[in-house]
Amino acid sequence: MNKLLKILLIIIGILITVFGGFYLFLHLAFDGIFTGPAYTKQDLIENYEEKHTQILEVKSFIESNLPSDTYIDIEFENGDLGIFHIRKNGNYDSNWNLDIDSKKTDSLLTVIGWTKSNLENLEDKLDEANCISVASGNPTTIGWQRSGMGKFFYKIFNENLTDSLINEYNGGCTHIYYKDNIVLEYGGGAIGPQCFPGFERKK
């Protein structure tokens, strides 16, 4: 083996080691956020068509178990609460990465009039819908999956959308009107794409 080939193989080995190490660093440092699965609008639609009954049950559960003056935004993550935000009586309390069995979680449940059983039932219903989060209100916003630093949602209104609302929620970047009372949403992260994958702005 000549000297030039040896040098080339060494360089290739170094590059593989560097990029492999960087990939592993991203995966570990950001809990797989850059190296996890990537989804598309079609994946979001297919999940709705397959799980629409279970998705609507999440909305129904929130509406029937939450006081009308209370707002919550909850995301389950690996058995814990990645997000647990509440707003009640004009007070907004933002919380990230809570242990479900922590005293802080218990205090937040007390504020919204829930027990641990309510929380477990919600987690079960989200699992059945193949979703990970829900934010109350009209529309109810149900988070499907995270994709990189972004996240896909269903926005479910109480009534079918009027023409004016269809125009408002059909820009194609962050919102796409799907049908009836359903809007698809993509929320970009701090960095990376801010629009649905494949979206191109008109020039």
# chains A, B, ... in the order shown; residues from 1 in each chain; ligands from 1

$ residues_around --residues "Asn95 (chain A)" --least-positions-apart "4" --cutoff "9 Å" --atoms "only C-alpha atoms" --output "PyMOL selection string"
chain A and resi 81-86

$ write_last_selection --atoms "N, CA and C atoms" --output "compact mmCIF listing (two decimals), in the first residue's frame"
# COMPACT_ATOMS: atom_id res chain seq x y z
N LEU A 81 -43.62 14.79 32.97
CA LEU A 81 -44.31 15.91 32.33
C LEU A 81 -43.28 16.85 31.73
N GLY A 82 -43.15 16.78 30.40
CA GLY A 82 -42.24 17.70 29.73
C GLY A 82 -42.73 19.13 29.84
N ILE A 83 -44.06 19.31 29.83
CA ILE A 83 -44.70 20.62 29.97
C ILE A 83 -45.91 20.48 30.88
N PHE A 84 -46.10 21.42 31.78
CA PHE A 84 -47.33 21.51 32.57
C PHE A 84 -47.56 22.99 32.88
N HIS A 85 -48.19 23.69 31.94
CA HIS A 85 -48.51 25.10 32.11
C HIS A 85 -49.98 25.24 32.48
N ILE A 86 -50.28 26.15 33.39
CA ILE A 86 -51.68 26.41 33.72
C ILE A 86 -51.92 27.91 33.81

$ residues_around --residues "region 44-50 of chain A" --least-positions-apart "5" --cutoff "10 Å" --atoms "only C-alpha atoms" --output "JSON, numbers by chain"
{"A": [39, 55, 56, 129, 130, 131, 144, 145, 152, 153, 154, 178, 182, 184, 185, 186]}

$ residues_around --residues "Gly113 (chain A)" --least-positions-apart "6" --cutoff "12 Å" --atoms "only C-alpha atoms" --output "list in words"
Asn65, Leu66, Pro67, Ser68, Asp69, Thr70, Tyr71, Ile72, Ile86, Lys88, Asp106, Ser107 and Leu119 of chain A

$ closest_residue --among "A:Tyr169, A:Tyr92, A:Phe196, A:Phe76" --to "Gly150 (chain A)" --atoms "only C-alpha atoms"
A:Phe196

$ select_by_dssp --residues "region 9-147 of chain A" --states "strand (DSSP E)" --output "PyMOL selection string"
chain A and resi 70-77+80-88+91-93+96-98+133-135+140-147

$ write_last_selection --atoms "C-alpha atoms" --output "mmCIF file, in the first residue's frame"
data_model
loop_
_atom_site.group_PDB
_atom_site.id
_atom_site.type_symbol
_atom_site.label_atom_id
_atom_site.label_comp_id
_atom_site.auth_asym_id
_atom_site.auth_seq_id
_atom_site.Cartn_x
_atom_site.Cartn_y
_atom_site.Cartn_z
ATOM 1 C CA THR A 70 -58.902 27.162 33.642
ATOM 2 C CA TYR A 71 -56.349 26.690 30.862
ATOM 3 C CA ILE A 72 -53.811 23.875 30.767
ATOM 4 C CA ASP A 73 -51.033 22.849 28.389
ATOM 5 C CA ILE A 74 -49.659 19.393 29.222
ATOM 6 C CA GLU A 75 -47.098 17.256 27.415
ATOM 7 C CA PHE A 76 -46.052 13.807 28.558
ATOM 8 C CA GLU A 77 -42.461 12.776 27.976
ATOM 9 C CA ASP A 80 -42.910 12.483 33.197
ATOM 10 C CA LEU A 81 -44.308 15.911 32.332
ATOM 11 C CA GLY A 82 -42.242 17.702 29.730
ATOM 12 C CA ILE A 83 -44.697 20.616 29.969
ATOM 13 C CA PHE A 84 -47.328 21.506 32.571
ATOM 14 C CA HIS A 85 -48.508 25.104 32.114
ATOM 15 C CA ILE A 86 -51.680 26.405 33.724
ATOM 16 C CA ARG A 87 -53.604 29.670 33.748
ATOM 17 C CA LYS A 88 -56.296 30.321 36.336
ATOM 18 C CA ASN A 91 -52.287 33.813 36.930
ATOM 19 C CA TYR A 92 -50.044 31.919 34.513
ATOM 20 C CA ASP A 93 -47.646 29.270 35.803
ATOM 21 C CA TRP A 96 -41.069 22.132 32.362
ATOM 22 C CA ASN A 97 -39.666 18.676 33.080
ATOM 23 C CA LEU A 98 -41.670 17.761 36.153
ATOM 24 C CA SER A 133 -49.832 16.736 24.481
ATOM 25 C CA VAL A 134 -52.980 18.802 24.766
ATOM 26 C CA ALA A 135 -53.744 22.476 25.360
ATOM 27 C CA THR A 140 -58.234 22.553 21.542
ATOM 28 C CA THR A 141 -54.654 21.956 20.438
ATOM 29 C CA ILE A 142 -53.480 18.345 20.528
ATOM 30 C CA GLY A 143 -49.786 17.676 19.970
ATOM 31 C CA TRP A 144 -49.056 14.655 17.819
ATOM 32 C CA GLN A 145 -45.257 14.174 17.732
ATOM 33 C CA ARG A 146 -42.028 16.132 17.925
ATOM 34 C CA SER A 147 -39.870 16.155 14.814
#

$ atom_distance --atom1 "CA of Ser102 (chain A)" --atom2 "CA of Gly79 (chain A)"
12.6 Å

$ closest_residue --among "A:Ile166, A:Ile100, A:Ile156, A:Cys195" --to "Asn138 (chain A)" --atoms "only C-alpha atoms"
A:Ile156

$ atom_distance --atom1 "CA of Val183 (chain A)" --atom2 "CA of Trp114 (chain A)"
28.7 Å

$ atom_distance --atom1 "CA of Gln42 (chain A)" --atom2 "CA of Asn121 (chain A)"
28.4 Å
